[in-house]
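A.B. asks: coords_28.cif (mmCIF, C-alpha atoms) pasted underneath:
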data_start
#
loop_
_atom_site.label_atom_id
_atom_site.label_comp_id
_atom_site.auth_asym_id
_atom_site.auth_seq_id
_atom_site.Cartn_x
_atom_site.Cartn_y
_atom_site.Cartn_z
CA MET L 1 -145.47 -99.51 59.42
CA ALA L 2 -142.40 -100.87 57.61
CA ARG L 3 -139.08 -99.31 58.50
CA LYS L 4 -137.27 -97.70 55.57
CA LEU L 5 -133.86 -99.33 56.12
CA GLU L 6 -134.87 -102.71 57.49
CA GLY L 7 -132.00 -105.22 57.28
CA LYS L 8 -129.52 -102.77 55.76
CA ILE L 9 -125.87 -102.45 56.79
CA ALA L 10 -124.81 -98.83 57.25
CA VAL L 11 -121.45 -97.22 57.96
CA VAL L 12 -121.39 -93.70 59.39
CA THR L 13 -118.02 -91.97 59.72
CA GLY L 14 -117.67 -89.15 62.20
CA GLY L 15 -120.68 -90.40 64.08
CA THR L 16 -119.95 -89.44 67.66
CA SER L 17 -121.72 -86.07 67.74
CA GLY L 18 -123.82 -83.63 65.77
CA ILE L 19 -125.02 -84.65 62.31
CA GLY L 20 -123.23 -88.00 62.31
CA LEU L 21 -124.69 -89.12 65.62
CA ALA L 22 -128.21 -87.95 64.78
CA THR L 23 -128.05 -89.78 61.44
CA ALA L 24 -126.68 -92.98 62.96
CA LYS L 25 -129.58 -92.95 65.44
CA ARG L 26 -132.12 -92.47 62.65
CA PHE L 27 -130.57 -95.22 60.54
CA ALA L 28 -130.83 -97.59 63.51
CA LEU L 29 -134.44 -96.56 64.20
CA GLU L 30 -135.24 -97.31 60.57
CA GLY L 31 -133.89 -100.85 60.93
CA ALA L 32 -130.26 -100.65 59.82
CA GLN L 33 -127.31 -102.19 61.61
CA VAL L 34 -124.90 -99.30 62.07
CA PHE L 35 -121.12 -99.21 62.21
CA VAL L 36 -120.01 -95.83 63.49
CA THR L 37 -116.55 -94.29 63.66
CA GLY L 38 -114.93 -91.61 65.77
CA ARG L 39 -111.42 -90.55 66.67
CA ARG L 40 -111.88 -90.51 70.45
CA GLN L 41 -112.73 -93.73 72.25
CA GLN L 42 -114.71 -92.23 75.12
CA GLU L 43 -117.02 -90.29 72.80
CA LEU L 44 -117.30 -93.34 70.55
CA GLN L 45 -118.48 -95.54 73.40
CA ALA L 46 -121.07 -92.94 74.40
CA ALA L 47 -122.31 -92.72 70.82
CA VAL L 48 -122.69 -96.50 70.51
CA ALA L 49 -124.74 -96.54 73.70
CA ALA L 50 -126.92 -93.68 72.43
CA ILE L 51 -127.51 -95.33 69.05
CA GLY L 52 -128.38 -98.72 70.56
CA SER L 53 -129.87 -101.44 68.33
CA GLY L 54 -126.61 -103.34 68.12
CA ALA L 55 -124.49 -100.43 66.91
CA ILE L 56 -120.79 -101.19 66.54
CA GLY L 57 -118.12 -98.56 67.18
CA VAL L 58 -114.74 -98.55 65.44
CA GLN L 59 -112.16 -96.01 66.55
CA ALA L 60 -110.79 -94.51 63.35
CA ASP L 61 -109.43 -91.32 61.82
CA SER L 62 -110.77 -91.17 58.27
CA ALA L 63 -107.63 -89.38 57.06
CA ASP L 64 -105.53 -92.38 58.21
CA LEU L 65 -105.58 -95.11 55.59
CA ASN L 66 -104.55 -97.77 58.09
CA ASP L 67 -107.54 -96.87 60.24
CA LEU L 68 -109.81 -97.19 57.21
CA ASN L 69 -108.35 -100.62 56.51
CA ARG L 70 -109.17 -101.68 60.07
CA LEU L 71 -112.68 -100.28 59.77
CA TYR L 72 -113.51 -102.20 56.63
CA GLU L 73 -111.91 -105.40 57.84
CA ARG L 74 -114.22 -105.21 60.85
CA VAL L 75 -117.25 -104.57 58.63
CA LYS L 76 -116.26 -107.42 56.32
CA ASN L 77 -115.87 -109.87 59.20
CA GLU L 78 -119.06 -108.88 61.04
CA ALA L 79 -121.47 -107.93 58.26
CA GLY L 80 -119.92 -108.88 54.93
CA ARG L 81 -121.27 -105.93 52.98
CA ILE L 82 -122.26 -102.25 53.03
CA ASP L 83 -125.64 -101.02 51.79
CA ILE L 84 -125.33 -97.43 53.00
CA LEU L 85 -122.15 -95.37 53.44
CA PHE L 86 -122.56 -91.97 55.07
CA VAL L 87 -119.23 -90.17 54.73
CA ASN L 88 -119.61 -87.52 57.38
CA ALA L 89 -116.22 -87.28 59.11
CA GLY L 90 -114.47 -83.96 58.59
CA GLY L 91 -114.21 -80.46 59.92
CA GLY L 92 -112.21 -77.30 59.81
CA SER L 93 -111.35 -74.01 61.43
CA MET L 94 -111.36 -70.38 60.37
CA LEU L 95 -108.35 -68.43 59.10
CA PRO L 96 -108.41 -65.45 56.72
CA LEU L 97 -106.24 -65.21 53.63
CA GLY L 98 -102.88 -63.93 54.79
CA SER L 99 -102.92 -66.10 57.90
CA ILE L 100 -103.40 -69.53 56.32
CA THR L 101 -100.64 -71.96 57.22
CA GLU L 102 -99.49 -75.13 55.52
CA GLU L 103 -100.59 -77.05 58.61
CA HIS L 104 -104.10 -75.58 58.38
CA TYR L 105 -104.32 -76.45 54.69
CA GLU L 106 -103.02 -80.00 55.13
CA ASP L 107 -105.28 -80.71 58.09
CA THR L 108 -108.44 -79.41 56.41
CA PHE L 109 -107.83 -81.05 53.04
CA GLY L 110 -106.69 -84.24 54.78
CA ARG L 111 -109.91 -84.53 56.76
CA ASN L 112 -112.37 -83.33 54.14
CA VAL L 113 -110.90 -84.41 50.80
CA LYS L 114 -108.32 -87.17 51.34
CA GLY L 115 -110.48 -88.74 54.04
CA VAL L 116 -113.62 -88.69 51.89
CA LEU L 117 -111.81 -90.05 48.84
CA PHE L 118 -110.27 -93.03 50.56
CA THR L 119 -113.29 -93.72 52.76
CA VAL L 120 -115.28 -94.35 49.58
CA GLN L 121 -112.55 -95.99 47.53
CA LYS L 122 -111.65 -98.50 50.22
CA ALA L 123 -115.34 -99.32 50.72
CA LEU L 124 -115.87 -100.33 47.08
CA PRO L 125 -115.26 -104.09 47.54
CA LEU L 126 -117.92 -104.17 50.29
CA LEU L 127 -120.50 -101.88 48.69
CA VAL L 128 -123.36 -103.84 47.16
CA ASP L 129 -124.58 -102.99 43.69
CA GLY L 130 -127.23 -100.32 44.13
CA ALA L 131 -125.75 -99.07 47.39
CA SER L 132 -126.29 -95.51 48.59
CA VAL L 133 -123.22 -93.35 49.25
CA ILE L 134 -123.93 -90.02 50.93
CA LEU L 135 -121.23 -87.38 51.31
CA THR L 136 -121.47 -84.45 53.72
CA GLY L 137 -120.84 -81.18 51.95
CA SER L 138 -121.78 -77.66 53.02
CA ASN L 139 -123.58 -74.71 51.52
CA VAL L 140 -120.38 -72.64 51.96
CA SER L 141 -119.10 -74.46 48.86
CA ILE L 142 -121.27 -72.21 46.69
CA LYS L 143 -120.87 -68.89 48.50
CA GLY L 144 -118.13 -66.74 49.93
CA THR L 145 -117.48 -66.86 53.66
CA PRO L 146 -114.86 -64.67 55.36
CA ALA L 147 -111.91 -66.59 56.85
CA PHE L 148 -113.34 -69.91 55.68
CA SER L 149 -111.89 -70.29 52.19
CA VAL L 150 -109.91 -73.48 52.78
CA TYR L 151 -112.83 -75.34 54.34
CA SER L 152 -115.19 -74.04 51.63
CA ALA L 153 -112.83 -75.26 48.91
CA THR L 154 -112.78 -78.75 50.40
CA LYS L 155 -116.56 -78.91 50.27
CA ALA L 156 -116.55 -77.78 46.64
CA ALA L 157 -114.25 -80.75 45.98
CA VAL L 158 -116.70 -83.07 47.74
CA ARG L 159 -119.47 -81.83 45.46
CA ASN L 160 -117.49 -82.78 42.38
CA PHE L 161 -116.64 -86.18 43.85
CA ALA L 162 -120.35 -87.01 43.78
CA ARG L 163 -120.71 -85.94 40.15
CA SER L 164 -117.65 -87.83 38.98
CA TRP L 165 -118.13 -90.95 41.08
CA THR L 166 -121.72 -91.27 39.90
CA LEU L 167 -120.24 -91.80 36.44
CA ASP L 168 -117.41 -94.02 37.66
CA LEU L 169 -119.89 -96.31 39.44
CA LYS L 170 -122.82 -96.23 37.03
CA SER L 171 -122.27 -99.85 35.94
CA ARG L 172 -122.93 -100.92 39.52
CA GLY L 173 -125.93 -98.68 40.10
CA ILE L 174 -124.30 -97.14 43.18
CA ARG L 175 -125.96 -93.80 43.97
CA VAL L 176 -123.60 -91.07 45.17
CA ASN L 177 -125.23 -87.92 46.52
CA VAL L 178 -124.23 -84.94 48.65
CA ILE L 179 -126.06 -83.43 51.59
CA SER L 180 -125.02 -79.81 52.10
CA PRO L 181 -126.11 -78.33 55.41
CA GLY L 182 -126.23 -74.68 56.23
CA PRO L 183 -125.83 -73.56 59.86
CA ILE L 184 -126.67 -76.57 62.03
CA LYS L 185 -126.32 -76.36 65.81
CA THR L 186 -123.55 -78.89 66.38
CA PRO L 187 -120.50 -78.85 68.67
CA GLY L 188 -118.29 -78.27 65.62
CA LEU L 189 -120.22 -75.16 64.65
CA VAL L 190 -120.54 -73.49 68.04
CA GLU L 191 -116.86 -74.09 68.79
CA LEU L 192 -115.96 -71.84 65.85
CA ALA L 193 -117.04 -68.95 68.09
CA GLY L 194 -114.69 -70.02 70.90
CA SER L 195 -115.50 -71.26 74.38
CA ASP L 196 -117.55 -68.30 75.67
CA PRO L 197 -121.27 -69.27 75.71
CA ALA L 198 -122.28 -65.66 75.03
CA ASP L 199 -120.10 -65.55 71.92
CA GLN L 200 -121.49 -68.90 70.79
CA GLN L 201 -125.08 -67.76 71.20
CA GLY L 202 -124.31 -64.49 69.46
CA MET L 203 -122.97 -66.39 66.46
CA LEU L 204 -126.04 -68.65 66.37
CA ASP L 205 -128.38 -65.65 66.60
CA TYR L 206 -126.57 -63.93 63.74
CA MET L 207 -126.68 -67.06 61.59
CA ALA L 208 -130.40 -67.48 62.28
CA SER L 209 -130.94 -63.93 61.02
CA THR L 210 -129.43 -64.92 57.64
CA VAL L 211 -131.74 -67.94 57.18
CA PRO L 212 -135.13 -67.34 55.50
CA LEU L 213 -136.76 -69.88 57.83
CA GLY L 214 -135.53 -67.84 60.78
CA ARG L 215 -133.52 -70.41 62.71
CA VAL L 216 -130.39 -72.49 62.62
CA GLY L 217 -130.93 -76.14 61.86
CA ASP L 218 -130.97 -79.15 64.14
CA PRO L 219 -128.92 -82.28 63.39
CA ASN L 220 -132.18 -84.18 63.01
CA ASP L 221 -133.07 -81.93 60.07
CA VAL L 222 -130.09 -83.41 58.25
CA ALA L 223 -130.64 -86.94 59.53
CA GLY L 224 -134.09 -87.04 57.95
CA ALA L 225 -132.65 -86.10 54.57
CA ALA L 226 -129.95 -88.76 54.92
CA VAL L 227 -132.58 -91.43 55.63
CA PHE L 228 -134.41 -90.37 52.47
CA LEU L 229 -131.29 -90.62 50.29
CA ALA L 230 -130.38 -93.97 51.84
CA SER L 231 -133.83 -95.43 51.29
CA PRO L 232 -135.64 -96.93 48.29
CA ASP L 233 -137.61 -93.66 48.10
CA ALA L 234 -134.50 -92.16 46.46
CA ALA L 235 -133.86 -95.06 44.08
CA PHE L 236 -133.74 -92.78 41.02
CA ILE L 237 -131.67 -90.00 42.61
CA ALA L 238 -127.95 -89.85 41.88
CA GLY L 239 -125.32 -87.13 41.70
CA ILE L 240 -127.41 -84.46 43.41
CA GLU L 241 -126.59 -81.91 46.08
CA LEU L 242 -129.43 -81.61 48.59
CA PHE L 243 -129.21 -78.37 50.55
CA ILE L 244 -130.46 -78.47 54.15
CA ASP L 245 -130.00 -74.81 54.96
CA GLY L 246 -133.42 -73.22 55.49
CA GLY L 247 -132.95 -71.40 52.19
CA GLN L 248 -129.83 -69.53 53.34
CA ALA L 249 -127.81 -70.03 50.16
CA GLN L 250 -130.80 -70.50 47.85
CA VAL L 251 -132.60 -67.16 47.72
#
Would you mind writing the structure in this file as structure tokens?
C.D. replies:
Amino acid sequence: MARKLEGKIAVVTGGTSGIGLATAKRFALEGAQVFVTGRRQQELQAAVAAIGSGAIGVQADSADLNDLNRLYERVKNEAGRIDILFVNAGGGSMLPLGSITEEHYEDTFGRNVKGVLFTVQKALPLLVDGASVILTGSNVSIKGTPAFSVYSATKAAVRNFARSWTLDLKSRGIRVNVISPGPIKTPGLVELAGSDPADQQGMLDYMASTVPLGRVGDPNDVAGAAVFLASPDAAFIAGIELFIDGGQAQV
């Protein structure tokens, strides 16, 4: 059976854990050569080993433009092009209105908006015509979430990036789409509940109760959707937001 991404060059930012790591593994299994980024070298090395298939790790903070320059210089020298760009790096923490600080705002918008913008813009010379660009959003962008307004606003911005960039890049046939997960059991999610395992499990149980399918998601649930959007199966799909949330924000 032919692999869906045979011979493709993929870049996955924020690929050392959770959704990014699961997607990088799936891309590699489907035949892509994968460049993966992470901010911490030890976790990056472990991710490269887990991905296998000739994966290449580049230590980079996506909010640092110099790091992005280094990333793309490496990709240019070793692969010469990008067929698939999965812009997954980002994150955030919870603070209610009244407690939001300038540091919290700058960090969250830097990681989730500035980082996404320049990750894509700096990739443009390497992206082939017809490339697939996939941005990681979140279903909180379309619903209210207590103490999560700054993060939610960044993901609403990501959604509009896909709409606007689809038009900016239409002459090149580059497909820009958004994957918006709901609650997915990743280190970034469980850490929102603190370090106590009981608190973490309590949060996951509560989230599962809000999902029509009755569970929180697994990173592989998102990885499968990313493979679809990266593949020729999605050749006529552009500018969409694909929710992977078990129906949480849909019904």
A.B. asks: From (-123.7, -106.6, 60.8), in the file's coordinates, out to 8 Å: which residues are reached, counting all atoms listed in the file? Answer as a PDB file with C-alpha atoms, in the frame of the given file.
C.D. replies:
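As a result, result.pdb now contains:
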ATOM      1  CA  ILE L   9    -125.870-102.450  56.790  1.00  0.00           C
ATOM      2  CA  GLN L  33    -127.310-102.190  61.610  1.00  0.00           C
ATOM      3  CA  VAL L  34    -124.900 -99.300  62.070  1.00  0.00           C
ATOM      4  CA  PHE L  35    -121.120 -99.210  62.210  1.00  0.00           C
ATOM      5  CA  VAL L  75    -117.250-104.570  58.630  1.00  0.00           C
ATOM      6  CA  GLU L  78    -119.060-108.880  61.040  1.00  0.00           C
ATOM      7  CA  ALA L  79    -121.470-107.930  58.260  1.00  0.00           C
ATOM      8  CA  GLY L  80    -119.920-108.880  54.930  1.00  0.00           C
TER       9      GLY L  80
END
A.B. asks: Which is closest to Leu189 of chain L among L:Val58, L:Ser93, L:Asp205, L:Ala249, if we use all atoms listed in the file?
C.D. replies: L:Ser93
A.B. asks: Please expand the PyMOL selection byres ((chain L and resi 231) around 12) into the concrete residues it hits in this file, giving the result as a PyMOL selection string.
C.D. replies: chain L and resi 2-10+26-27+30-32+83-85+130-134+175+224-230+232-237
A.B. asks: So what do you get for atom CA of Gly18 of chain L versus atom CA of Ile142 of chain L, distance-wise?
C.D. replies: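 For atom CA of Gly18 of chain L relative to atom CA of Ile142 of chain L, the distance reads 22.4 Å.
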A.B. asks: Go ahead and compute the interatomic distance for atom CA of Phe118 of chain L and atom CA of Ser164 of chain L, in Å to one decimal.
C.D. replies: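 Atom CA of Phe118 of chain L sits 14.7 Å away from atom CA of Ser164 of chain L.
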A.B. asks: Mind giving me the straight-line distance from atom CA of Leu167 of chain L to atom CA of Ala123 of chain L in Å, one decimal?
C.D. replies: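 Spanning atom CA of Leu167 of chain L to atom CA of Ala123 of chain L is a straight-line distance of 16.9 Å.
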A.B. asks: Quick one: of L:Ile82, L:Ala162, L:Leu97, L:Val113, who's nearest to Phe148 of chain L, counting all atoms listed in the file?
C.D. replies: L:Leu97
